[in-house]
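File shown: target22.tsv (TSV, C-alpha atoms).
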```tsv
chain	number	residue	atom	x	y	z
R	293	MET	CA	0.00	0.00	0.00
R	294	GLU	CA	1.34	3.41	-0.90
R	295	ALA	CA	2.07	5.86	1.90
R	296	SER	CA	-0.33	8.46	0.54
R	297	ARG	CA	-3.17	5.97	0.78
R	298	ARG	CA	-2.23	5.06	4.34
R	299	ALA	CA	-2.43	8.70	5.31
R	300	ASP	CA	-5.92	8.95	3.89
R	301	GLN	CA	-7.50	5.52	4.30
R	302	PRO	CA	-5.48	3.29	6.61
R	303	GLU	CA	-6.08	-0.43	6.50
R	304	PHE	CA	-4.68	-1.99	9.63
R	305	GLU	CA	-3.64	-5.61	9.60
R	306	GLU	CA	-4.45	-8.17	12.25
R	307	GLY	CA	-1.47	-9.27	14.26
R	308	PRO	CA	0.45	-8.82	17.51
R	309	SER	CA	0.52	-5.47	19.28
R	310	THR	CA	4.30	-5.17	18.84
R	311	VAL	CA	6.88	-6.13	16.24
R	312	THR	CA	9.22	-8.57	17.94
R	313	SER	CA	10.08	-11.20	15.33
R	314	GLY	CA	13.50	-10.76	13.71
R	315	ARG	CA	12.21	-12.42	10.54
R	316	GLU	CA	9.18	-10.12	10.44
R	317	ALA	CA	11.44	-7.12	11.01
R	318	ALA	CA	13.68	-8.20	8.10
R	319	VAL	CA	10.67	-8.55	5.80
R	320	LEU	CA	9.29	-5.17	6.84
R	321	ALA	CA	12.69	-3.50	6.52
R	322	TRP	CA	12.77	-4.68	2.89
R	323	ARG	CA	9.20	-3.51	2.39
R	324	TYR	CA	10.04	-0.11	3.85
R	325	ARG	CA	13.33	0.29	2.03
R	326	THR	CA	14.12	3.98	1.67
R	327	ARG	CA	13.75	5.80	-1.61
R	328	PRO	CA	16.85	7.40	-3.14
R	329	ALA	CA	17.51	10.78	-1.53
R	330	GLY	CA	16.18	13.57	-3.73
R	331	PRO	CA	16.32	17.33	-3.15
R	332	TYR	CA	13.35	17.32	-0.77
R	333	ARG	CA	14.75	14.55	1.38
R	334	ARG	CA	18.20	16.16	1.49
R	335	TYR	CA	17.31	19.77	2.31
R	336	GLY	CA	13.77	20.67	1.19
R	337	LYS	CA	12.04	19.18	4.21
R	338	ARG	CA	14.28	21.09	6.62
R	339	CYS	CA	13.66	24.34	4.73
R	340	LEU	CA	9.90	23.76	4.98
R	341	ASP	CA	10.20	23.05	8.70
R	342	LEU	CA	12.26	26.16	9.35
R	343	VAL	CA	10.13	28.60	7.35
R	344	LEU	CA	6.67	27.26	8.18
R	345	GLY	CA	7.58	26.26	11.74
R	346	ALA	CA	8.99	29.72	12.56
R	347	ALA	CA	5.96	31.45	11.04
R	348	LEU	CA	3.54	29.28	13.04
R	349	LEU	CA	5.51	29.78	16.25
R	350	ILE	CA	5.68	33.56	15.94
R	351	GLY	CA	2.02	33.81	14.92
R	352	SER	CA	0.87	31.66	17.85
R	353	LEU	CA	2.87	33.42	20.60
R	354	PRO	CA	-0.08	35.47	21.96
R	355	PHE	CA	-2.27	32.37	22.02
R	356	LEU	CA	0.48	30.33	23.68
R	357	GLY	CA	0.69	32.99	26.38
R	358	LEU	CA	-3.05	32.68	27.09
R	359	ILE	CA	-2.82	28.90	27.36
R	360	ALA	CA	0.16	29.15	29.71
R	361	LEU	CA	-1.77	31.59	31.89
R	362	ALA	CA	-4.79	29.26	31.94
R	363	VAL	CA	-2.62	26.34	33.06
R	364	LEU	CA	-1.04	28.44	35.84
R	365	VAL	CA	-4.43	29.64	37.10
R	366	THR	CA	-6.12	26.23	37.06
R	367	SER	CA	-3.35	23.93	38.27
R	368	GLY	CA	-0.34	26.02	39.27
R	369	ARG	CA	3.26	25.81	38.13
R	370	PRO	CA	4.81	24.79	35.84
R	371	ALA	CA	2.85	25.66	32.72
R	372	LEU	CA	5.32	23.81	30.50
R	373	TYR	CA	7.22	20.62	31.01
R	374	ASP	CA	9.90	18.88	29.02
R	375	SER	CA	10.20	15.16	28.46
R	376	ARG	CA	13.21	13.12	27.38
R	377	ARG	CA	12.43	11.46	24.06
R	378	VAL	CA	14.25	9.71	21.23
R	379	GLY	CA	14.98	11.79	18.15
R	380	LYS	CA	16.48	11.11	14.75
R	381	ASP	CA	18.95	8.21	14.70
R	382	GLY	CA	18.21	7.48	18.35
R	383	LEU	CA	19.68	10.72	19.70
R	384	PRO	CA	18.01	12.05	22.89
R	385	ILE	CA	15.97	15.25	22.67
R	386	ARG	CA	13.89	17.31	25.12
R	387	VAL	CA	10.33	17.72	23.87
R	388	TRP	CA	8.20	20.59	25.20
R	389	LYS	CA	4.47	20.47	25.95
R	390	PHE	CA	1.93	22.32	28.03
R	391	ARG	CA	1.34	20.46	31.28
R	392	THR	CA	-1.97	18.60	31.11
R	393	MET	CA	-1.62	16.43	34.24
R	394	ILE	CA	-1.65	17.06	37.93
R	395	ARG	CA	1.72	17.58	39.59
R	396	ASP	CA	3.59	14.43	40.67
R	397	ALA	CA	1.70	12.52	37.99
R	398	ASP	CA	4.28	9.72	37.79
R	399	ARG	CA	4.07	9.06	41.52
R	400	VAL	CA	0.27	9.06	41.39
R	401	LEU	CA	0.32	6.57	38.51
R	402	GLN	CA	2.50	4.20	40.51
R	403	GLU	CA	0.14	4.43	43.47
R	404	TRP	CA	-2.92	3.71	41.33
R	405	ALA	CA	-1.18	0.90	39.46
R	406	SER	CA	-0.47	-0.88	42.75
R	407	VAL	CA	-4.21	-1.12	43.49
R	408	ARG	CA	-5.58	-1.07	39.93
R	409	PRO	CA	-3.92	-3.82	37.86
R	410	ASP	CA	-6.24	-2.98	34.96
R	411	LEU	CA	-4.69	0.50	34.76
R	412	ALA	CA	-1.19	-0.96	34.95
R	413	ALA	CA	-1.95	-3.43	32.14
R	414	ALA	CA	-3.50	-0.76	29.92
R	415	TYR	CA	-0.57	1.59	30.43
R	416	GLY	CA	1.95	-1.17	29.80
R	417	GLU	CA	0.32	-2.01	26.47
R	418	ARG	CA	0.21	1.45	24.94
R	419	PHE	CA	1.90	3.83	27.42
R	420	LYS	CA	-1.40	5.72	27.50
R	421	LEU	CA	-4.67	5.51	29.41
R	422	ALA	CA	-7.95	6.12	27.59
R	423	SER	CA	-9.40	8.03	30.57
R	424	ASP	CA	-6.30	8.97	32.49
R	425	PRO	CA	-7.35	10.10	35.99
R	426	ARG	CA	-4.22	12.25	36.26
R	427	VAL	CA	-5.31	14.60	33.47
R	428	THR	CA	-6.77	17.94	34.58
R	429	PRO	CA	-10.03	19.30	33.11
R	430	LEU	CA	-8.11	21.91	31.11
R	431	GLY	CA	-5.61	19.23	30.15
R	432	ARG	CA	-8.38	17.12	28.59
R	433	LEU	CA	-9.36	20.05	26.40
R	434	LEU	CA	-5.74	20.73	25.42
R	435	ARG	CA	-5.19	17.08	24.56
R	436	LYS	CA	-8.40	16.73	22.58
R	437	THR	CA	-7.46	19.73	20.45
R	438	SER	CA	-3.71	18.86	20.45
R	439	LEU	CA	-2.96	22.37	21.70
R	440	ASP	CA	-0.70	20.89	24.38
R	441	GLU	CA	1.79	20.03	21.63
R	442	VAL	CA	2.05	23.49	20.03
R	443	PRO	CA	5.22	24.38	22.04
R	444	GLN	CA	6.97	21.68	20.00
R	445	LEU	CA	7.17	24.21	17.20
R	446	TRP	CA	10.24	25.38	19.13
R	447	ASN	CA	11.70	21.88	18.72
R	448	VAL	CA	10.98	22.13	15.00
R	449	VAL	CA	12.75	25.47	14.63
R	450	ARG	CA	15.74	24.10	16.56
R	451	GLY	CA	15.99	21.16	14.17
R	452	GLU	CA	15.21	18.50	16.77
R	453	MET	CA	11.81	17.72	15.27
R	454	SER	CA	9.94	18.13	12.00
R	455	LEU	CA	6.41	19.27	11.28
R	456	VAL	CA	5.70	15.76	9.93
R	457	GLY	CA	7.22	12.52	11.15
R	458	PRO	CA	6.84	9.74	13.72
R	459	ARG	CA	5.87	10.93	17.18
R	460	PRO	CA	8.87	11.11	19.55
R	461	VAL	CA	8.79	8.38	22.20
R	462	PRO	CA	10.70	7.62	25.41
R	463	HIS	CA	13.64	5.23	25.10
R	464	ARG	CA	11.85	2.45	26.97
R	465	GLU	CA	8.85	2.68	24.66
R	466	LEU	CA	11.13	2.60	21.63
R	467	GLU	CA	12.80	-0.61	22.80
R	468	GLU	CA	9.61	-2.37	23.85
R	469	LYS	CA	7.33	-1.36	20.97
R	470	TYR	CA	9.55	-0.69	17.94
R	471	GLY	CA	12.20	-3.31	18.63
R	472	PRO	CA	14.37	-4.04	15.54
R	473	LEU	CA	12.38	-1.51	13.48
R	474	ALA	CA	13.40	1.45	15.68
R	475	GLY	CA	16.27	2.43	13.38
R	476	GLN	CA	14.00	2.41	10.34
R	477	ALA	CA	11.21	4.43	11.93
R	478	PHE	CA	13.55	7.05	13.42
R	479	SER	CA	15.87	7.44	10.47
R	480	VAL	CA	13.96	10.75	10.14
R	481	ARG	CA	13.24	13.51	12.65
R	482	PRO	CA	10.17	12.89	14.81
R	483	GLY	CA	7.22	15.10	13.99
R	484	ILE	CA	4.41	17.12	15.56
R	485	THR	CA	1.98	15.31	13.27
R	486	GLY	CA	2.28	12.25	11.10
R	487	MET	CA	0.56	9.33	9.45
R	488	TRP	CA	-0.56	7.92	12.79
R	489	GLN	CA	-2.19	11.21	13.80
R	490	VAL	CA	-4.34	11.35	10.66
R	491	SER	CA	-5.12	7.62	10.76
R	492	GLY	CA	-7.06	7.36	13.99
R	493	ARG	CA	-4.39	7.84	16.70
R	494	SER	CA	-5.82	6.19	19.83
R	495	ARG	CA	-7.98	3.80	17.77
R	496	ALA	CA	-4.94	2.28	16.07
R	497	ARG	CA	-2.98	-0.60	17.58
R	498	TYR	CA	0.62	0.10	18.42
R	499	ALA	CA	1.89	-2.35	15.80
R	500	ASP	CA	-0.02	-0.35	13.19
R	501	ARG	CA	1.63	2.82	14.46
R	502	VAL	CA	5.08	1.22	14.02
R	503	ARG	CA	4.26	0.20	10.46
R	504	LEU	CA	2.94	3.65	9.61
R	505	ASP	CA	6.10	5.26	11.00
R	506	CYS	CA	8.35	2.90	9.02
R	507	ASP	CA	6.29	3.44	5.89
R	508	TYR	CA	6.59	7.21	6.25
R	509	ALA	CA	10.34	7.16	6.85
R	510	ALA	CA	10.84	5.13	3.68
R	511	ARG	CA	8.49	6.98	1.35
R	512	PHE	CA	8.01	10.57	2.44
R	513	ASP	CA	8.16	13.37	-0.10
R	514	LEU	CA	6.77	16.90	-0.43
R	515	LEU	CA	3.39	15.71	-1.67
R	516	LEU	CA	2.92	13.30	1.25
R	517	ASP	CA	4.02	15.90	3.81
R	518	MET	CA	1.60	18.49	2.44
R	519	LYS	CA	-1.20	15.92	2.41
R	520	ILE	CA	-0.57	14.95	6.04
R	521	LEU	CA	-0.45	18.61	7.09
R	522	ALA	CA	-3.76	19.23	5.30
R	523	LEU	CA	-5.38	16.16	6.90
R	524	THR	CA	-4.15	17.22	10.33
R	525	VAL	CA	-6.40	20.28	10.38
R	526	PRO	CA	-9.75	18.40	10.30
R	527	ALA	CA	-8.33	15.64	12.52
R	528	VAL	CA	-7.52	18.24	15.20
R	529	LEU	CA	-10.72	20.24	14.79
R	530	LEU	CA	-12.86	17.10	15.08
R	531	GLY	CA	-10.72	15.57	17.83
R	532	ARG	CA	-10.50	12.44	15.70
R	533	GLY	CA	-8.81	9.62	17.62
R	534	ALA	CA	-7.66	11.89	20.43
R	535	GLU	CA	-7.53	10.62	24.00
```
Could the structure of this file be written out as structure tokens, please?
Amino acid sequence: MEASRRADQPEFEEGPSTVTSGREAAVLAWRYRTRPAGPYRRYGKRCLDLVLGAALLIGSLPFLGLIALAVLVTSGRPALYDSRRVGKDGLPIRVWKFRTMIRDADRVLQEWASVRPDLAAAYGERFKLASDPRVTPLGRLLRKTSLDEVPQLWNVVRGEMSLVGPRPVPHRELEEKYGPLAGQAFSVRPGITGMWQVSGRSRARYADRVRLDCDYAARFDLLLDMKILALTVPAVLLGRGAE
């Protein structure tokens, strides 16, 4: 299936929730073999990120200030938080987001997991909870509209992320979920949006997310990036697949 079709009409395959088989990884690596590097892959994508990312960041500064103020008023400091994630070629990056959870969220999760094995199992499967009790009321709104991720435009301008690419993940999640396909998926910069975001997000199994990321890394071009950016607008406005 071509990448452009996956971005528009994904067809997810039945199978395990993670890619762990070395043989399967070898087959998929051949399937997702990278196209020869053309002008867009070499420098066009970075130019698009720098120009469009800087314009979006500057234009959204007043709005970002209002969101930060709303977070401070409703749940205190800090308004922003940074998380260690894996970037291109496995290099560590610090990804910025508006805080959507209560303070000491990690400690609270551990306490709940000790008495709620169902929460622990759900989090272990996808590193997300469908109705996370740690998320604040404002945080739910920010997550549903993806406004919590707008500060990552700064990561784009700095060259740590791209407007389009696989979502950055923690190192543990990369090892457990991507396995031998991690190098393929993150041979490109992680993105604010991507094929997973416009293909259902929380409704997609994690193995499907891995395949979409590998497919994108192998086949992306200007047309696909513009299509994903265009599809992101209605996906965000409708809250499609958001948790």
How far is it from atom CA of R:Ala527 to atom CA of R:Val490, in Å with one decimal? 6.1 Å
Find the distance between atom CA of R:Thr524 and atom CA of R:Thr437 and write it in Å to one decimal. 10.9 Å
Rounded to one decimal in Å, what is the spacing between atom CA of R:Arg481 and atom CA of R:Val502?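 Interatomic distance, atom CA of R:Arg481 to atom CA of R:Val502: 14.8 Å.
Among the candidates R:Ala509, R:Leu515, R:Met393, R:Ile359, the one nearest to R:Arg426 when counting only C-alpha atoms is R:Met393.
Checking R:Leu516, R:Leu353, R:Val363, R:Leu383 one by one against R:Tyr332, counting all atoms listed in the file, you find the shortest gap at R:Leu516.
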For R:Ser491, which of R:Pro429, R:Thr392, R:Arg464, R:Leu504 is the closest residue, counting all atoms listed in the file?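 The answer is R:Leu504, which sits nearest to R:Ser491.
Here the question is which of R:Gly382, R:Gly483, R:Gly330, R:Gly475 gets nearest to R:His463 using all atoms listed in the file, and that residue is R:Gly382.
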Here is a test: counting all atoms listed in the file, which residue of R:Pro460, R:Gly368, R:Pro526, R:Gly357 is nearest to R:Asp381? R:Pro460
Could you pull the residues within 12 Å of R:Leu361, counting all atoms listed in the file, minus those fewer than 5 positions along the same chain, as JSON, numbers by chain? {"R": [354, 355, 356, 366, 367, 368, 369, 370, 371, 372, 390, 391, 430]}
Give me the residues near stretch 448-456 of chain R as a PyMOL selection string, where near means some atom within 8 Å (using all atoms listed in the file) and where sequence neighbours in that chain fewer than 6 positions away do not count. chain R and resi 338+341-342+345-346+379-380+385+481-486+517+520-521
Let's have the selection written as a JSON list (two decimals), in the frame of the given file, with C-alpha atoms.
```json
[["chain", "number", "residue", "atom", "x", "y", "z"],
["R", 338, "ARG", "CA", 14.28, 21.09, 6.62],
["R", 341, "ASP", "CA", 10.20, 23.05, 8.70],
["R", 342, "LEU", "CA", 12.26, 26.16, 9.35],
["R", 345, "GLY", "CA", 7.58, 26.26, 11.74],
["R", 346, "ALA", "CA", 8.99, 29.72, 12.56],
["R", 379, "GLY", "CA", 14.98, 11.79, 18.15],
["R", 380, "LYS", "CA", 16.48, 11.11, 14.75],
["R", 385, "ILE", "CA", 15.97, 15.25, 22.67],
["R", 481, "ARG", "CA", 13.24, 13.51, 12.65],
["R", 482, "PRO", "CA", 10.17, 12.89, 14.81],
["R", 483, "GLY", "CA", 7.22, 15.10, 13.99],
["R", 484, "ILE", "CA", 4.41, 17.12, 15.56],
["R", 485, "THR", "CA", 1.98, 15.31, 13.27],
["R", 486, "GLY", "CA", 2.28, 12.25, 11.10],
["R", 517, "ASP", "CA", 4.02, 15.90, 3.81],
["R", 520, "ILE", "CA", -0.57, 14.95, 6.04],
["R", 521, "LEU", "CA", -0.45, 18.61, 7.09]]
```
